[in-house]
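Content type PDB, N, CA, C and O atoms, from the file query.pdb:
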ATOM      1  N   MET A  13      14.752 -20.874 -16.801
ATOM      2  CA  MET A  13      14.861 -22.299 -16.534
ATOM      3  C   MET A  13      14.116 -22.675 -15.256
ATOM      4  O   MET A  13      13.407 -23.639 -15.218
ATOM      5  N   MET A  14      14.297 -21.874 -14.211
ATOM      6  CA  MET A  14      13.642 -22.206 -12.950
ATOM      7  C   MET A  14      12.125 -22.184 -13.093
ATOM      8  O   MET A  14      11.435 -22.995 -12.485
ATOM      9  N   GLN A  15      11.597 -21.268 -13.920
ATOM     10  CA  GLN A  15      10.153 -21.209 -14.128
ATOM     11  C   GLN A  15       9.643 -22.498 -14.762
ATOM     12  O   GLN A  15       8.604 -23.010 -14.372
ATOM     13  N   GLN A  16      10.376 -23.011 -15.755
ATOM     14  CA  GLN A  16       9.958 -24.236 -16.430
ATOM     15  C   GLN A  16       9.978 -25.406 -15.446
ATOM     16  O   GLN A  16       9.047 -26.212 -15.427
ATOM     17  N   GLN A  17      11.012 -25.484 -14.622
ATOM     18  CA  GLN A  17      11.087 -26.548 -13.619
ATOM     19  C   GLN A  17       9.947 -26.421 -12.624
ATOM     20  O   GLN A  17       9.327 -27.413 -12.253
ATOM     21  N   MET A  18       9.660 -25.187 -12.204
ATOM     22  CA  MET A  18       8.578 -24.971 -11.251
ATOM     23  C   MET A  18       7.250 -25.401 -11.853
ATOM     24  O   MET A  18       6.444 -26.062 -11.195
ATOM     25  N   GLN A  19       7.033 -25.062 -13.114
ATOM     26  CA  GLN A  19       5.782 -25.432 -13.773
ATOM     27  C   GLN A  19       5.645 -26.953 -13.836
ATOM     28  O   GLN A  19       4.570 -27.494 -13.605
ATOM     29  N   GLN A  20       6.743 -27.639 -14.113
ATOM     30  CA  GLN A  20       6.711 -29.103 -14.156
ATOM     31  C   GLN A  20       6.418 -29.683 -12.774
ATOM     32  O   GLN A  20       5.669 -30.653 -12.638
ATOM     33  N   GLN A  21       6.996 -29.082 -11.742
ATOM     34  CA  GLN A  21       6.791 -29.587 -10.383
ATOM     35  C   GLN A  21       5.379 -29.318  -9.875
ATOM     36  O   GLN A  21       4.905 -30.004  -8.984
ATOM     37  N   LEU A  22       4.732 -28.344 -10.454
ATOM     38  CA  LEU A  22       3.366 -28.010 -10.036
ATOM     39  C   LEU A  22       2.320 -28.554 -11.000
ATOM     40  O   LEU A  22       1.136 -28.273 -10.847
ATOM     41  N   GLU A  23       2.760 -29.337 -11.977
ATOM     42  CA  GLU A  23       1.837 -29.907 -12.956
ATOM     43  C   GLU A  23       0.760 -30.715 -12.242
ATOM     44  O   GLU A  23       1.031 -31.458 -11.309
ATOM     45  N   GLY A  24      -0.470 -30.527 -12.670
ATOM     46  CA  GLY A  24      -1.579 -31.262 -12.073
ATOM     47  C   GLY A  24      -2.195 -30.577 -10.863
ATOM     48  O   GLY A  24      -3.116 -31.110 -10.256
ATOM     49  N   MET A  25      -1.683 -29.386 -10.506
ATOM     50  CA  MET A  25      -2.248 -28.647  -9.375
ATOM     51  C   MET A  25      -3.690 -28.288  -9.667
ATOM     52  O   MET A  25      -4.041 -27.961 -10.794
ATOM     53  N   SER A  26      -4.497 -28.331  -8.640
ATOM     54  CA  SER A  26      -5.878 -27.856  -8.745
ATOM     55  C   SER A  26      -5.914 -26.410  -8.269
ATOM     56  O   SER A  26      -5.280 -26.064  -7.272
ATOM     57  N   PHE A  27      -6.619 -25.590  -8.994
ATOM     58  CA  PHE A  27      -6.751 -24.182  -8.631
ATOM     59  C   PHE A  27      -8.198 -23.861  -8.362
ATOM     60  O   PHE A  27      -9.079 -24.488  -8.936
ATOM     61  N   PRO A  28      -8.496 -22.892  -7.485
ATOM     62  CA  PRO A  28      -7.543 -22.030  -6.786
ATOM     63  C   PRO A  28      -6.700 -22.831  -5.793
ATOM     64  O   PRO A  28      -7.130 -23.867  -5.278
ATOM     65  N   ALA A  29      -5.484 -22.310  -5.532
ATOM     66  CA  ALA A  29      -4.549 -22.958  -4.618
ATOM     67  C   ALA A  29      -3.874 -21.903  -3.751
ATOM     68  O   ALA A  29      -3.642 -20.778  -4.190
ATOM     69  N   SER A  30      -3.571 -22.297  -2.529
ATOM     70  CA  SER A  30      -2.866 -21.393  -1.622
ATOM     71  C   SER A  30      -1.357 -21.535  -1.823
ATOM     72  O   SER A  30      -0.886 -22.489  -2.445
ATOM     73  N   LYS A  31      -0.626 -20.614  -1.257
ATOM     74  CA  LYS A  31       0.832 -20.694  -1.302
ATOM     75  C   LYS A  31       1.289 -22.007  -0.655
ATOM     76  O   LYS A  31       2.203 -22.661  -1.143
ATOM     77  N   GLN A  32       0.640 -22.400   0.438
ATOM     78  CA  GLN A  32       0.995 -23.658   1.111
ATOM     79  C   GLN A  32       0.732 -24.852   0.206
ATOM     80  O   GLN A  32       1.519 -25.796   0.178
ATOM     81  N   ASP A  33      -0.358 -24.822  -0.565
ATOM     82  CA  ASP A  33      -0.637 -25.896  -1.527
ATOM     83  C   ASP A  33       0.494 -26.008  -2.550
ATOM     84  O   ASP A  33       0.933 -27.107  -2.889
ATOM     85  N   LEU A  34       0.953 -24.849  -3.048
ATOM     86  CA  LEU A  34       2.059 -24.842  -4.014
ATOM     87  C   LEU A  34       3.318 -25.429  -3.392
ATOM     88  O   LEU A  34       4.014 -26.234  -4.014
ATOM     89  N   MET A  35       3.600 -25.030  -2.168
ATOM     90  CA  MET A  35       4.804 -25.523  -1.496
ATOM     91  C   MET A  35       4.733 -27.034  -1.290
ATOM     92  O   MET A  35       5.718 -27.741  -1.504
ATOM     93  N   ASN A  36       3.571 -27.527  -0.897
ATOM     94  CA  ASN A  36       3.415 -28.970  -0.694
ATOM     95  C   ASN A  36       3.630 -29.737  -1.985
ATOM     96  O   ASN A  36       4.344 -30.748  -2.011
ATOM     97  N   SER A  37       3.043 -29.266  -3.065
ATOM     98  CA  SER A  37       3.180 -29.946  -4.349
ATOM     99  C   SER A  37       4.622 -29.889  -4.838
ATOM    100  O   SER A  37       5.172 -30.899  -5.295
ATOM    101  N   ALA A  38       5.238 -28.716  -4.739
ATOM    102  CA  ALA A  38       6.621 -28.565  -5.181
ATOM    103  C   ALA A  38       7.546 -29.484  -4.392
ATOM    104  O   ALA A  38       8.433 -30.129  -4.957
ATOM    105  N   MET A  39       7.319 -29.564  -3.088
ATOM    106  CA  MET A  39       8.155 -30.422  -2.246
ATOM    107  C   MET A  39       8.000 -31.892  -2.643
ATOM    108  O   MET A  39       8.974 -32.626  -2.733
ATOM    109  N   GLN A  40       6.781 -32.306  -2.912
ATOM    110  CA  GLN A  40       6.521 -33.691  -3.314
ATOM    111  C   GLN A  40       7.192 -34.025  -4.646
ATOM    112  O   GLN A  40       7.496 -35.180  -4.913
ATOM    113  N   HIS A  41       7.402 -33.005  -5.477
ATOM    114  CA  HIS A  41       8.000 -33.217  -6.790
ATOM    115  C   HIS A  41       9.479 -32.846  -6.829
ATOM    116  O   HIS A  41      10.040 -32.637  -7.902
ATOM    117  N   GLY A  42      10.106 -32.729  -5.667
ATOM    118  CA  GLY A  42      11.548 -32.554  -5.599
ATOM    119  C   GLY A  42      12.076 -31.152  -5.841
ATOM    120  O   GLY A  42      13.181 -30.994  -6.350
ATOM    121  N   ALA A  43      11.316 -30.146  -5.449
ATOM    122  CA  ALA A  43      11.773 -28.769  -5.637
ATOM    123  C   ALA A  43      13.050 -28.508  -4.840
ATOM    124  O   ALA A  43      13.240 -29.042  -3.747
ATOM    125  N   SER A  44      13.899 -27.677  -5.406
ATOM    126  CA  SER A  44      15.136 -27.291  -4.720
ATOM    127  C   SER A  44      14.814 -26.285  -3.612
ATOM    128  O   SER A  44      13.721 -25.701  -3.574
ATOM    129  N   ASN A  45      15.779 -26.059  -2.740
ATOM    130  CA  ASN A  45      15.602 -25.062  -1.687
ATOM    131  C   ASN A  45      15.362 -23.679  -2.277
ATOM    132  O   ASN A  45      14.562 -22.908  -1.751
ATOM    133  N   ASP A  46      16.049 -23.351  -3.369
ATOM    134  CA  ASP A  46      15.854 -22.059  -4.025
ATOM    135  C   ASP A  46      14.428 -21.912  -4.542
ATOM    136  O   ASP A  46      13.819 -20.842  -4.420
ATOM    137  N   GLN A  47      13.891 -22.977  -5.110
ATOM    138  CA  GLN A  47      12.511 -22.931  -5.614
ATOM    139  C   GLN A  47      11.519 -22.793  -4.466
ATOM    140  O   GLN A  47      10.551 -22.038  -4.568
ATOM    141  N   MET A  48      11.772 -23.493  -3.375
ATOM    142  CA  MET A  48      10.883 -23.380  -2.213
ATOM    143  C   MET A  48      10.932 -21.962  -1.651
ATOM    144  O   MET A  48       9.891 -21.396  -1.292
ATOM    145  N   ASP A  49      12.116 -21.383  -1.576
ATOM    146  CA  ASP A  49      12.247 -20.004  -1.094
ATOM    147  C   ASP A  49      11.500 -19.034  -1.998
ATOM    148  O   ASP A  49      10.862 -18.097  -1.513
ATOM    149  N   MET A  50      11.571 -19.265  -3.312
ATOM    150  CA  MET A  50      10.874 -18.388  -4.247
ATOM    151  C   MET A  50       9.366 -18.438  -3.998
ATOM    152  O   MET A  50       8.706 -17.395  -3.953
ATOM    153  N   ILE A  51       8.837 -19.628  -3.816
ATOM    154  CA  ILE A  51       7.402 -19.752  -3.555
ATOM    155  C   ILE A  51       7.050 -19.041  -2.255
ATOM    156  O   ILE A  51       6.068 -18.295  -2.188
ATOM    157  N   LYS A  52       7.845 -19.247  -1.206
ATOM    158  CA  LYS A  52       7.584 -18.599   0.089
ATOM    159  C   LYS A  52       7.536 -17.083  -0.038
ATOM    160  O   LYS A  52       6.756 -16.421   0.648
ATOM    161  N   LYS A  53       8.383 -16.521  -0.896
ATOM    162  CA  LYS A  53       8.505 -15.075  -1.009
ATOM    163  C   LYS A  53       7.543 -14.455  -2.017
ATOM    164  O   LYS A  53       7.504 -13.232  -2.155
ATOM    165  N   MET A  54       6.758 -15.272  -2.705
ATOM    166  CA  MET A  54       5.822 -14.737  -3.696
ATOM    167  C   MET A  54       4.853 -13.770  -3.016
ATOM    168  O   MET A  54       4.413 -14.013  -1.890
ATOM    169  N   PRO A  55       4.538 -12.666  -3.701
ATOM    170  CA  PRO A  55       3.700 -11.633  -3.083
ATOM    171  C   PRO A  55       2.243 -12.035  -2.873
ATOM    172  O   PRO A  55       1.549 -11.408  -2.085
ATOM    173  N   MET A  56       1.784 -13.054  -3.555
ATOM    174  CA  MET A  56       0.387 -13.487  -3.434
ATOM    175  C   MET A  56       0.293 -14.677  -2.484
ATOM    176  O   MET A  56       1.216 -15.477  -2.394
ATOM    177  N   ASP A  57      -0.828 -14.791  -1.786
ATOM    178  CA  ASP A  57      -1.057 -15.941  -0.910
ATOM    179  C   ASP A  57      -1.971 -16.973  -1.557
ATOM    180  O   ASP A  57      -2.001 -18.126  -1.133
ATOM    181  N   ASN A  58      -2.742 -16.543  -2.552
ATOM    182  CA  ASN A  58      -3.665 -17.435  -3.239
ATOM    183  C   ASN A  58      -3.538 -17.229  -4.739
ATOM    184  O   ASN A  58      -3.329 -16.111  -5.209
ATOM    185  N   PHE A  59      -3.671 -18.333  -5.472
ATOM    186  CA  PHE A  59      -3.470 -18.329  -6.917
ATOM    187  C   PHE A  59      -4.668 -18.976  -7.581
ATOM    188  O   PHE A  59      -5.113 -20.046  -7.166
ATOM    189  N   ASN A  60      -5.195 -18.314  -8.621
ATOM    190  CA  ASN A  60      -6.373 -18.824  -9.318
ATOM    191  C   ASN A  60      -6.028 -19.706 -10.503
ATOM    192  O   ASN A  60      -6.901 -20.397 -11.022
ATOM    193  N   SER A  61      -4.758 -19.664 -10.940
ATOM    194  CA  SER A  61      -4.362 -20.437 -12.114
ATOM    195  C   SER A  61      -2.842 -20.569 -12.137
ATOM    196  O   SER A  61      -2.130 -19.872 -11.409
ATOM    197  N   MET A  62      -2.355 -21.437 -13.024
ATOM    198  CA  MET A  62      -0.914 -21.566 -13.208
ATOM    199  C   MET A  62      -0.345 -20.255 -13.749
ATOM    200  O   MET A  62       0.792 -19.899 -13.445
ATOM    201  N   ASP A  63      -1.138 -19.511 -14.518
ATOM    202  CA  ASP A  63      -0.686 -18.214 -15.019
ATOM    203  C   ASP A  63      -0.369 -17.257 -13.863
ATOM    204  O   ASP A  63       0.613 -16.509 -13.917
ATOM    205  N   ASP A  64      -1.195 -17.280 -12.809
ATOM    206  CA  ASP A  64      -0.923 -16.462 -11.625
ATOM    207  C   ASP A  64       0.409 -16.852 -11.001
ATOM    208  O   ASP A  64       1.201 -15.997 -10.605
ATOM    209  N   VAL A  65       0.659 -18.155 -10.912
ATOM    210  CA  VAL A  65       1.900 -18.653 -10.318
ATOM    211  C   VAL A  65       3.097 -18.199 -11.145
ATOM    212  O   VAL A  65       4.088 -17.690 -10.616
ATOM    213  N   MET A  66       3.007 -18.349 -12.454
ATOM    214  CA  MET A  66       4.121 -17.991 -13.325
ATOM    215  C   MET A  66       4.363 -16.476 -13.315
ATOM    216  O   MET A  66       5.507 -16.032 -13.340
ATOM    217  N   SER A  67       3.301 -15.687 -13.246
ATOM    218  CA  SER A  67       3.453 -14.230 -13.157
ATOM    219  C   SER A  67       4.170 -13.847 -11.870
ATOM    220  O   SER A  67       5.052 -12.982 -11.865
ATOM    221  N   ALA A  68       3.780 -14.481 -10.771
ATOM    222  CA  ALA A  68       4.436 -14.202  -9.489
ATOM    223  C   ALA A  68       5.895 -14.637  -9.536
ATOM    224  O   ALA A  68       6.775 -13.938  -9.034
ATOM    225  N   ALA A  69       6.175 -15.770 -10.158
ATOM    226  CA  ALA A  69       7.549 -16.248 -10.266
ATOM    227  C   ALA A  69       8.397 -15.286 -11.100
ATOM    228  O   ALA A  69       9.538 -14.977 -10.734
ATOM    229  N   LYS A  70       7.831 -14.794 -12.190
ATOM    230  CA  LYS A  70       8.549 -13.828 -13.037
ATOM    231  C   LYS A  70       8.875 -12.567 -12.251
ATOM    232  O   LYS A  70       9.963 -12.019 -12.365
ATOM    233  N   SER A  71       7.916 -12.086 -11.460
ATOM    234  CA  SER A  71       8.147 -10.863 -10.687
ATOM    235  C   SER A  71       9.239 -11.093  -9.642
ATOM    236  O   SER A  71      10.022 -10.192  -9.347
ATOM    237  N   MET A  72       9.337 -12.299  -9.098
ATOM    238  CA  MET A  72      10.373 -12.612  -8.118
ATOM    239  C   MET A  72      11.746 -12.644  -8.780
ATOM    240  O   MET A  72      12.740 -12.252  -8.164
ATOM    241  N   MET A  73      11.840 -13.091 -10.007
ATOM    242  CA  MET A  73      13.120 -13.180 -10.700
ATOM    243  C   MET A  73      13.671 -11.816 -11.075
ATOM    244  O   MET A  73      14.854 -11.648 -11.256
ATOM    245  N   LYS A  74      12.778 -10.828 -11.187
ATOM    246  CA  LYS A  74      13.215  -9.475 -11.534
ATOM    247  C   LYS A  74      13.825  -8.757 -10.334
ATOM    248  O   LYS A  74      14.486  -7.754 -10.491
ATOM    249  N   MET A  75      13.588  -9.243  -9.145
ATOM    250  CA  MET A  75      14.074  -8.595  -7.923
ATOM    251  C   MET A  75      15.544  -8.877  -7.722
ATOM    252  O   MET A  75      16.123  -9.788  -8.101
TER
END

As a first step, turn the structure in this file into structure tokens.
Amino acid sequence: MMQQQMQQQLEGMSFPASKQDLMNSAMQHGASNDQMDMIKKMPMDNFNSMDDVMSAAKSMMKM
């Protein structure tokens, strides 16, 4: 569920994007504190596509 919400909050992102770009977009779209923390803790600093973001999010959920 959180992945789907994150994808909706990041809809329209231009890639490549930095972790800070993701955080800014998520914040503008009402991301929860948990979602913001997940983005902060993602192992990558730069993302080439939404697929990269979703892969990083999946890896965070397994932890």

Mind pulling up the distance from CA of Gln16 (chain A) to CA of Ala43 (chain A)?
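One can read the CA of Ala43 (chain A) to CA of Gln16 (chain A) distance as 11.8 Å.
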
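Excluding Asn60 (chain A) and any residue on its chain fewer than 6 positions from it, the residues at most 8 Å away by all atoms listed in the file are Ser26, Phe27, Pro28, Ala29 and Ser30 of chain A.
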
When you look at region 44-55 of chain A with a cut-off of 8 Å (counting only C-alpha atoms), what residues show up, excluding the ones that are within fewer than 4 positions of it in the same chain? I need them as an NGL selection string.
:A and (14 or 18 or 31 or 34-35 or 38-39 or 68-69 or 72)

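Backbone DSSP over chain A gives strand (DSSP E) for Ala29, Ser30, Asn58 and Phe59 of chain A.
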
Could you tell me how far CA of Phe59 (chain A) sits from CA of Gln20 (chain A), in Å to one decimal place?
16.5 Å
